[in-house]
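Taking it in order: structure first as C-alpha cells, then the write-up.
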Amino acid sequence: MKTPNLKTHLTDFIEAGIDEAGRGPLAGPVFAAAVILPLDFYDPLLNDSKQMSRENMLQVREHIEKDAIAWAVDSSSAEVIDRENILRATFMAMNGAVRKLSVKPQLLLVDGNRFQCSCGILYRTCIKGDAEFASIAAASVLAKTYRDDLMIRLAENYPEYGWDQNFGYPTKAHREAIIKYGYSPYHRKTFKVKL
C-alpha cells in the first residue's frame with residue numbers, strides 16, 4: 001500500500017529524497033535531510049511538512065526514523081550562510097546529508113528546481129517534490145522538525161527574539177526585537193531587516 005497521493009519511487013534505483021528547511025528565516029541554520037524509504041512505506045499523515053501540524057510531523061518523524069532504509073540530517077550555520085550565500089549553504093547542507101547516509105543512493109530526488117551535487121550521484125530536481133514523492137516529503141519533515149527543535153532550544157538563551165514561536169522567520173515581533181536588541185550570534189547578518 002502506498003502513502004496516499006505520494007509516489008514511493010520513481011525508478012528501480014536506490015532513491016534518496018532531499019529537502020531543506022529554513023532558507024527564509026533571519027536567524028538560525030538552514031537544515032537539509034536525505035531519506036531512503038522502503039517500497040512499502042506507508043503513513044497516512046505524511047505530507048509536505050508545510051501542510052502538517054508540528055504534532056503530526058513529530059509522529060511521522062518517529063515512523064521515518066524507525067522504518068526508513070537510511071536517513072540523515074545536516075545543516076549550514078548562519079556564519080556559513082553569510083559567507084557563502086543562502087543557496088550555496090543550502091546545497092552544502094543537502095550534500096552533507098547525502099554523505100551521512102548509511103546506504104549510498106543511486107539517484108537523488110531533490111525538492112526544487114536547482115541543485116549542485118558534489119557527491120557524484122545522479123539527481124533529478126522536482127518542483128513541489130515534497131507534494132509528489134514520499135521520500136522528499138519525509139526529508140521535509142525531518143529537516144523542518146530538526147530545525148524547529150534547535151530554534152526552540154536556542155530560544156531558551158535568547159527569549160527576546162521569540163524563536164520558540166517564530167523559529168527565526170521574519171515576523172513583525174522578531175524584526176522589532178532585532179531593532180531593539182541587535183543581532184544575536186545566530187542571526188544572518190547579510191539578511192536585511194525591514195520593519
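Residues in the C-alpha cells are named by chain (A, B, ... in the order shown) and by number from 1 within that chain; ligands are numbered from 1 in the order shown.
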
Leaving out A:Phe13 and any residue of its chain fewer than 6 positions from it, which residues lie within 12 Å of it when counting only C-alpha atoms, given as a PDB file with N, CA and C atoms, in the first residue's frame?
ATOM      1  N   ILE A  36      15.965   7.579   2.469  1.00  0.00           N
ATOM      2  CA  ILE A  36      15.707   6.450   1.574  1.00  0.00           C
ATOM      3  C   ILE A  36      14.611   5.612   2.221  1.00  0.00           C
ATOM      4  N   LEU A  37      13.462   5.522   1.563  1.00  0.00           N
ATOM      5  CA  LEU A  37      12.319   4.784   2.100  1.00  0.00           C
ATOM      6  C   LEU A  37      12.183   3.420   1.431  1.00  0.00           C
ATOM      7  N   PRO A  38      11.668   2.438   2.162  1.00  0.00           N
ATOM      8  CA  PRO A  38      11.358   1.157   1.518  1.00  0.00           C
ATOM      9  C   PRO A  38      10.136   1.313   0.615  1.00  0.00           C
ATOM     10  N   LEU A  39       9.998   0.393  -0.329  1.00  0.00           N
ATOM     11  CA  LEU A  39       8.883   0.469  -1.286  1.00  0.00           C
ATOM     12  C   LEU A  39       7.525   0.417  -0.602  1.00  0.00           C
ATOM     13  N   LYS A 104      24.370   4.146   0.350  1.00  0.00           N
ATOM     14  CA  LYS A 104      24.604   5.115  -0.727  1.00  0.00           C
ATOM     15  C   LYS A 104      23.493   5.026  -1.763  1.00  0.00           C
ATOM     16  N   PRO A 105      22.789   6.118  -2.016  1.00  0.00           N
ATOM     17  CA  PRO A 105      21.743   6.095  -3.047  1.00  0.00           C
ATOM     18  C   PRO A 105      22.343   6.127  -4.447  1.00  0.00           C
ATOM     19  N   GLN A 106      21.527   5.693  -5.404  1.00  0.00           N
ATOM     20  CA  GLN A 106      21.932   5.749  -6.813  1.00  0.00           C
ATOM     21  C   GLN A 106      21.295   6.928  -7.541  1.00  0.00           C
ATOM     22  N   LEU A 107      20.247   7.501  -6.939  1.00  0.00           N
ATOM     23  CA  LEU A 107      19.548   8.639  -7.521  1.00  0.00           C
ATOM     24  C   LEU A 107      19.028   9.525  -6.401  1.00  0.00           C
ATOM     25  N   LEU A 108      19.215  10.843  -6.575  1.00  0.00           N
ATOM     26  CA  LEU A 108      18.687  11.806  -5.618  1.00  0.00           C
ATOM     27  C   LEU A 108      17.479  12.500  -6.224  1.00  0.00           C
ATOM     28  N   LEU A 109      16.388  12.553  -5.476  1.00  0.00           N
ATOM     29  CA  LEU A 109      15.213  13.328  -5.859  1.00  0.00           C
ATOM     30  C   LEU A 109      15.214  14.571  -4.984  1.00  0.00           C
ATOM     31  N   ILE A 121      26.566  11.636  -7.567  1.00  0.00           N
ATOM     32  CA  ILE A 121      25.371  10.805  -7.688  1.00  0.00           C
ATOM     33  C   ILE A 121      24.402  11.479  -8.659  1.00  0.00           C
ATOM     34  N   LEU A 122      23.758  10.683  -9.498  1.00  0.00           N
ATOM     35  CA  LEU A 122      22.735  11.227 -10.387  1.00  0.00           C
ATOM     36  C   LEU A 122      21.630  11.880  -9.568  1.00  0.00           C
ATOM     37  N   TYR A 123      21.055  12.953 -10.105  1.00  0.00           N
ATOM     38  CA  TYR A 123      19.958  13.585  -9.377  1.00  0.00           C
ATOM     39  C   TYR A 123      18.926  14.133 -10.343  1.00  0.00           C
TER      40      TYR A 123
END

query: Which residues, written as a list in words, have at least one atom at most 10 Å from A:Lys100, with only C-alpha atoms counted and residues fewer than 5 positions away on the same chain left out?
result: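 Contacts, with the query itself left out: Ala33, Ala34, Ala70, Trp71, Ala72, Val73, Asp74 and Asn95 of chain A.
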
- prompt: Quick one: of A:Ala139, A:Leu154, A:Ala177, A:Ala32, who's nearest to A:Ala89, counting only C-alpha atoms?
  reply: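 So, comparing all the options, the nearest one is A:Ala32.
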
task: Quick one: pull the distance between atom CA of A:Ile14 and atom CA of A:Arg147, Å, one decimal.
output: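 Result for atom CA of A:Ile14 versus atom CA of A:Arg147: 26.3 Å, one decimal.
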
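Proximity of A:Asp12, A:Ala173, A:Arg61, A:Arg23 to A:Leu142, computed with only C-alpha atoms, is greatest for A:Arg61.
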
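Counting only C-alpha atoms and comparing A:Glu20, A:Lys50, A:Arg99, A:Pro29, the residue that lies closest to A:His187 is A:Pro29.
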
message: With distances taken over only C-alpha atoms, which residue among A:Ala78, A:Val30, A:Cys119, A:Leu58 lies nearest A:Tyr186?
response: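 The shortest atom-to-atom distance to A:Tyr186 comes from A:Ala78.
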
field: Residue neighbourhood stretch 164-166 of chain A, 9 Å, only C-alpha atoms, exclusion window fewer than 5 positions, as number ranges by chain
entry: A: 25, 148-149, 151-156, 159, 171, 173-174

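For the pair atom CA of A:Met94 and atom CA of A:Leu45, the separation is 24.2 Å.
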
Mind the document's chain letters and residue numbers, and return as a PDB file with N, CA and C atoms, in the first residue's frame the residues of stretch 60-185 of chain A that DSSP labels strand (DSSP E or B).
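Resulting contents of selection_27.pdb:
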ATOM      1  N   ALA A  70      17.452   4.330   5.273  1.00  0.00           N
ATOM      2  CA  ALA A  70      18.507   5.213   5.774  1.00  0.00           C
ATOM      3  C   ALA A  70      17.964   6.635   5.809  1.00  0.00           C
ATOM      4  N   TRP A  71      18.473   7.432   6.754  1.00  0.00           N
ATOM      5  CA  TRP A  71      18.112   8.848   6.821  1.00  0.00           C
ATOM      6  C   TRP A  71      19.250   9.618   7.470  1.00  0.00           C
ATOM      7  N   ALA A  72      19.351  10.888   7.139  1.00  0.00           N
ATOM      8  CA  ALA A  72      20.387  11.732   7.723  1.00  0.00           C
ATOM      9  C   ALA A  72      19.964  13.192   7.626  1.00  0.00           C
ATOM     10  N   VAL A  73      20.498  13.990   8.550  1.00  0.00           N
ATOM     11  CA  VAL A  73      20.207  15.418   8.610  1.00  0.00           C
ATOM     12  C   VAL A  73      21.524  16.171   8.712  1.00  0.00           C
ATOM     13  N   ASP A  74      21.622  17.295   8.029  1.00  0.00           N
ATOM     14  CA  ASP A  74      22.811  18.143   8.121  1.00  0.00           C
ATOM     15  C   ASP A  74      22.349  19.605   8.090  1.00  0.00           C
ATOM     16  N   SER A  75      23.261  20.518   8.389  1.00  0.00           N
ATOM     17  CA  SER A  75      22.896  21.934   8.410  1.00  0.00           C
ATOM     18  C   SER A  75      24.085  22.807   8.040  1.00  0.00           C
ATOM     19  N   SER A  76      23.786  24.038   7.666  1.00  0.00           N
ATOM     20  CA  SER A  76      24.800  25.074   7.451  1.00  0.00           C
ATOM     21  C   SER A  76      24.452  26.238   8.362  1.00  0.00           C
ATOM     22  N   LEU A 107      20.247   7.501  -6.939  1.00  0.00           N
ATOM     23  CA  LEU A 107      19.548   8.639  -7.521  1.00  0.00           C
ATOM     24  C   LEU A 107      19.028   9.525  -6.401  1.00  0.00           C
ATOM     25  N   LEU A 108      19.215  10.843  -6.575  1.00  0.00           N
ATOM     26  CA  LEU A 108      18.687  11.806  -5.618  1.00  0.00           C
ATOM     27  C   LEU A 108      17.479  12.500  -6.224  1.00  0.00           C
ATOM     28  N   LEU A 109      16.388  12.553  -5.476  1.00  0.00           N
ATOM     29  CA  LEU A 109      15.213  13.328  -5.859  1.00  0.00           C
ATOM     30  C   LEU A 109      15.214  14.571  -4.984  1.00  0.00           C
ATOM     31  N   VAL A 110      15.495  15.712  -5.592  1.00  0.00           N
ATOM     32  CA  VAL A 110      15.735  16.944  -4.839  1.00  0.00           C
ATOM     33  C   VAL A 110      14.565  17.898  -5.012  1.00  0.00           C
ATOM     34  N   ASP A 111      13.990  18.335  -3.900  1.00  0.00           N
ATOM     35  CA  ASP A 111      12.887  19.292  -3.983  1.00  0.00           C
ATOM     36  C   ASP A 111      13.392  20.624  -4.540  1.00  0.00           C
ATOM     37  N   LEU A 122      23.758  10.683  -9.498  1.00  0.00           N
ATOM     38  CA  LEU A 122      22.735  11.227 -10.387  1.00  0.00           C
ATOM     39  C   LEU A 122      21.630  11.880  -9.568  1.00  0.00           C
ATOM     40  N   TYR A 123      21.055  12.953 -10.105  1.00  0.00           N
ATOM     41  CA  TYR A 123      19.958  13.585  -9.377  1.00  0.00           C
ATOM     42  C   TYR A 123      18.926  14.133 -10.343  1.00  0.00           C
ATOM     43  N   ARG A 124      17.743  14.329  -9.789  1.00  0.00           N
ATOM     44  CA  ARG A 124      16.655  14.962 -10.529  1.00  0.00           C
ATOM     45  C   ARG A 124      16.024  15.996  -9.608  1.00  0.00           C
ATOM     46  N   THR A 125      15.866  17.215 -10.091  1.00  0.00           N
ATOM     47  CA  THR A 125      15.161  18.226  -9.313  1.00  0.00           C
ATOM     48  C   THR A 125      13.662  18.093  -9.580  1.00  0.00           C
ATOM     49  N   CYS A 126      12.886  18.338  -8.560  1.00  0.00           N
ATOM     50  CA  CYS A 126      11.433  18.139  -8.632  1.00  0.00           C
ATOM     51  C   CYS A 126      10.736  19.341  -8.005  1.00  0.00           C
ATOM     52  N   PHE A 133       6.522  13.108  -3.984  1.00  0.00           N
ATOM     53  CA  PHE A 133       7.274  11.914  -3.631  1.00  0.00           C
ATOM     54  C   PHE A 133       7.348  11.736  -2.118  1.00  0.00           C
TER      55      PHE A 133
END

- prompt: Skipping near chain neighbours, those fewer than 3 positions away, what residues fall within 12 Å of A:Ile86 using only C-alpha atoms, listed as a PyMOL selection string?
  reply: chain A and resi 20-31+75-83+89-93+188-191

Dump of C-alpha atoms for the selected residues, as a PDB file, in the first residue's frame:
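Below you can see out36.pdb, which holds the result:
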ATOM      1  CA  GLU A  20      15.584  21.665   3.164  1.00  0.00           C
ATOM      2  CA  ALA A  21      14.057  23.866   5.840  1.00  0.00           C
ATOM      3  CA  GLY A  22      14.975  27.372   6.865  1.00  0.00           C
ATOM      4  CA  ARG A  23      16.031  29.281   3.776  1.00  0.00           C
ATOM      5  CA  GLY A  24      13.863  32.295   4.637  1.00  0.00           C
ATOM      6  CA  PRO A  25      14.488  32.984   8.347  1.00  0.00           C
ATOM      7  CA  LEU A  26      16.591  35.824   9.707  1.00  0.00           C
ATOM      8  CA  ALA A  27      18.236  33.548  12.289  1.00  0.00           C
ATOM      9  CA  GLY A  28      19.473  30.011  12.675  1.00  0.00           C
ATOM     10  CA  PRO A  29      20.979  27.448  10.310  1.00  0.00           C
ATOM     11  CA  VAL A  30      19.453  26.063   7.153  1.00  0.00           C
ATOM     12  CA  PHE A  31      18.779  22.336   7.580  1.00  0.00           C
ATOM     13  CA  SER A  75      22.896  21.934   8.410  1.00  0.00           C
ATOM     14  CA  SER A  76      24.800  25.074   7.451  1.00  0.00           C
ATOM     15  CA  SER A  77      25.202  27.717  10.147  1.00  0.00           C
ATOM     16  CA  ALA A  78      24.321  31.394   9.935  1.00  0.00           C
ATOM     17  CA  GLU A  79      28.038  32.105   9.521  1.00  0.00           C
ATOM     18  CA  VAL A  80      28.239  29.782   6.513  1.00  0.00           C
ATOM     19  CA  ILE A  81      25.088  31.346   5.061  1.00  0.00           C
ATOM     20  CA  ASP A  82      26.599  34.838   5.415  1.00  0.00           C
ATOM     21  CA  ARG A  83      29.891  33.726   3.878  1.00  0.00           C
ATOM     22  CA  ALA A  89      24.786  26.988   2.020  1.00  0.00           C
ATOM     23  CA  THR A  90      21.599  25.025   1.284  1.00  0.00           C
ATOM     24  CA  PHE A  91      23.378  22.876  -1.308  1.00  0.00           C
ATOM     25  CA  MET A  92      26.190  22.258   1.205  1.00  0.00           C
ATOM     26  CA  ALA A  93      23.689  21.012   3.799  1.00  0.00           C
ATOM     27  CA  ARG A 188      22.225  36.055   9.492  1.00  0.00           C
ATOM     28  CA  LYS A 189      23.922  39.414   9.179  1.00  0.00           C
ATOM     29  CA  THR A 190      23.527  39.550   5.378  1.00  0.00           C
ATOM     30  CA  PHE A 191      19.729  39.256   5.572  1.00  0.00           C
TER      31      PHE A 191
END

- line: The distance between atom CA of A:Ser135 and atom CA of A:Gly17 is 4.4 Å

message: Here is a test: counting only C-alpha atoms, which residue of A:Val103, A:Gly129, A:Arg54, A:Val98 is nearest to A:Cys117?
response: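 Answer, going by the shortest atom-to-atom distance: A:Val98.
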
task: Could you give me, as a list in words, the residues within 7 Å of A:Asp130, counting only C-alpha atoms and dropping anything in the same chain fewer than 2 positions from it?
output: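 Residues near the query, excluding close chain neighbours: Asp48, Asp111, Lys128, Glu132, Phe133, Ile136, Ala137 and Ser140 of chain A.
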
- request: Within stretch 35-108 of chain A, find each residue whose DSSP state, derived from the backbone, is helix (DSSP H, G or I), and express the selection as a PyMOL selection string.
  value: chain A and resi 49-51+54-67+78-84+86-100

Could you turn the residues from that selection into a file that holds C-alpha atoms, as a short mmCIF file (atom, residue, chain, number, x, y, z; two decimals), in the first residue's frame?
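And here is the file that came out, selection.cif:
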data_model
loop_
_atom_site.label_atom_id
_atom_site.label_comp_id
_atom_site.auth_asym_id
_atom_site.auth_seq_id
_atom_site.Cartn_x
_atom_site.Cartn_y
_atom_site.Cartn_z
CA SER A 49 5.71 19.45 6.01
CA LYS A 50 4.21 22.90 5.31
CA GLN A 51 0.79 21.22 5.33
CA ARG A 54 4.01 20.04 14.48
CA GLU A 55 2.36 17.22 16.44
CA ASN A 56 1.81 15.20 13.25
CA MET A 57 5.32 15.94 12.00
CA LEU A 58 6.86 14.61 15.21
CA GLN A 59 4.73 11.48 15.00
CA VAL A 60 5.72 10.89 11.37
CA ARG A 61 9.38 11.63 12.15
CA GLU A 62 9.39 8.77 14.64
CA HIS A 63 7.99 6.45 11.97
CA ILE A 64 10.54 7.62 9.37
CA GLU A 65 13.47 7.17 11.73
CA LYS A 66 12.27 3.68 12.68
CA ASP A 67 11.38 2.30 9.23
CA ALA A 78 24.32 31.39 9.94
CA GLU A 79 28.04 32.11 9.52
CA VAL A 80 28.24 29.78 6.51
CA ILE A 81 25.09 31.35 5.06
CA ASP A 82 26.60 34.84 5.41
CA ARG A 83 29.89 33.73 3.88
CA GLU A 84 28.60 31.55 1.03
CA ILE A 86 21.85 31.01 1.27
CA LEU A 87 21.67 28.99 -1.96
CA ARG A 88 25.20 27.59 -1.71
CA ALA A 89 24.79 26.99 2.02
CA THR A 90 21.60 25.03 1.28
CA PHE A 91 23.38 22.88 -1.31
CA MET A 92 26.19 22.26 1.20
CA ALA A 93 23.69 21.01 3.80
CA MET A 94 21.92 18.83 1.22
CA ASN A 95 25.19 17.24 0.09
CA GLY A 96 26.22 16.82 3.73
CA ALA A 97 23.02 14.91 4.49
CA VAL A 98 23.58 12.62 1.48
CA ARG A 99 27.15 11.87 2.59
CA LYS A 100 25.90 10.92 6.07
#
